[in-house]
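One structure is given here, and the rest of the page talks about it.
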Amino acid sequence: MADEETLSPPRRSGTSDPGAHDLANASDSEDHFSDAQSAPLSPGTSPIPKTRVEKVDDEPSYGEVPGTEAYRLREGDAEPDEIAIQEKKSDSLSSEDGAPKSPVIPKTVVEEAPGSSGPHSEEFLEKRKADAPADLVVKPEGKTEEGDSSGTM
């Protein structure tokens with residue numbers, strides 16, 4: 001046990017703080033304080049979105065009449081940033097058009113995969129009935145057929 005009395009703890013190393021410096025020697029011109037609001041806005045920031053409500057008339061909508069149950073239920077809803085009421089088209093503009101323009105309806109094209117499809121289950125055939133018929137069917141050999149877009153299977 002005599003050896004234990006001669007043991008001493010190891011010398012401490014690495015206790016100095018390399019980041020510390022004497023603040024008394026620092027000049028005031030080196031100090032720079034900033035916060036997020038003092039920095040100019042960067043041009044890459046996204047604009048804050050606004051909520052816009054477009055109404056077809058100036059009549060009160062569901063939940064806009066005070067004292068009703070619907071009004072009470074909508075009290076917690078967010079207020080829109082903008083409310084726009086669509087202007088009524090004059091009769092002269094509507095008579096020029098005559099009939100309303102119908103949108104262009106895209107064609108449905110089905111490309112069949114090569115290989116044998118084999119027999120299908122009844123479940124597959126039932127689900128297939130719910131699919132919209134194709135306007136154009138492209139076979140694996142490259143042939144093109146008109147599809148059954150009349151709605152009959």
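As shown in the structure tokens, the chain order sets the letters A, B, ...; within each chain, residues go from 1, and ligands are also counted from 1 in the order they appear.
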
(message) When you look at Glu79 in chain A with a cut-off of 12 Å (counting only C-alpha atoms), what residues show up, excluding the ones that are within fewer than 3 positions of it in the same chain? I need them as a VMD selection string.
(response) chain A and resid 50 to 53 64 74 to 76 82 to 83

Go ahead and save the residues from that selection, with C-alpha atoms, as a PDB file, in the first residue's frame.
ATOM      1  CA  LYS A  50     -53.984  36.184 -49.042  1.00  0.00           C
ATOM      2  CA  THR A  51     -57.397  34.617 -48.654  1.00  0.00           C
ATOM      3  CA  ARG A  52     -59.787  35.882 -51.321  1.00  0.00           C
ATOM      4  CA  VAL A  53     -63.506  35.139 -51.343  1.00  0.00           C
ATOM      5  CA  GLU A  64     -73.220  35.662 -42.434  1.00  0.00           C
ATOM      6  CA  ARG A  74     -68.788  30.149 -38.159  1.00  0.00           C
ATOM      7  CA  GLU A  75     -67.591  32.587 -35.498  1.00  0.00           C
ATOM      8  CA  GLY A  76     -64.276  30.738 -35.245  1.00  0.00           C
ATOM      9  CA  GLU A  82     -60.309  40.188 -49.665  1.00  0.00           C
ATOM     10  CA  ILE A  83     -63.979  39.851 -50.615  1.00  0.00           C
TER      11      ILE A  83
END

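Coordinates place CA of Gln86 in chain A at a distance of 19.8 Å from CA of Gly63 in chain A.
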
(message) Quick check, in Å to one decimal: how far apart do CA of Leu136 in chain A and CA of Gly115 in chain A lie?
(response) 19.5 Å

(message) Set the distance at 10 Å and use only C-alpha atoms: which residues neighbour Thr144 in chain A once local chain neighbours fewer than 6 positions away are removed? I'd like the list as a PyMOL selection string.
(response) chain A and resi 109-111+136-138

(request) Record the distance separating CA of Glu59 in chain A and CA of Lys101 in chain A, expressed in Å with one decimal. (result)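 Separating CA of Glu59 in chain A from CA of Lys101 in chain A is a distance of 28.3 Å.
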
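By only C-alpha atoms, and with residues fewer than 3 positions from Ala84 in chain A along its chain excluded, the set lying at most 10 Å from it is Arg52, Val53, Glu54, Lys55, Val56, Asp57, Asp58 and Glu87 of chain A.
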
Print the selection's residues with C-alpha atoms to a file, as a compact mmCIF listing (two decimals), in the first residue's frame.
# COMPACT_ATOMS: atom_id res chain seq x y z
CA ARG A 52 -59.79 35.88 -51.32
CA VAL A 53 -63.51 35.14 -51.34
CA GLU A 54 -65.32 35.68 -54.62
CA LYS A 55 -69.08 36.03 -54.36
CA VAL A 56 -71.60 35.98 -57.19
CA ASP A 57 -73.90 38.51 -55.54
CA ASP A 58 -74.01 40.79 -52.53
CA GLU A 87 -69.93 41.93 -61.70
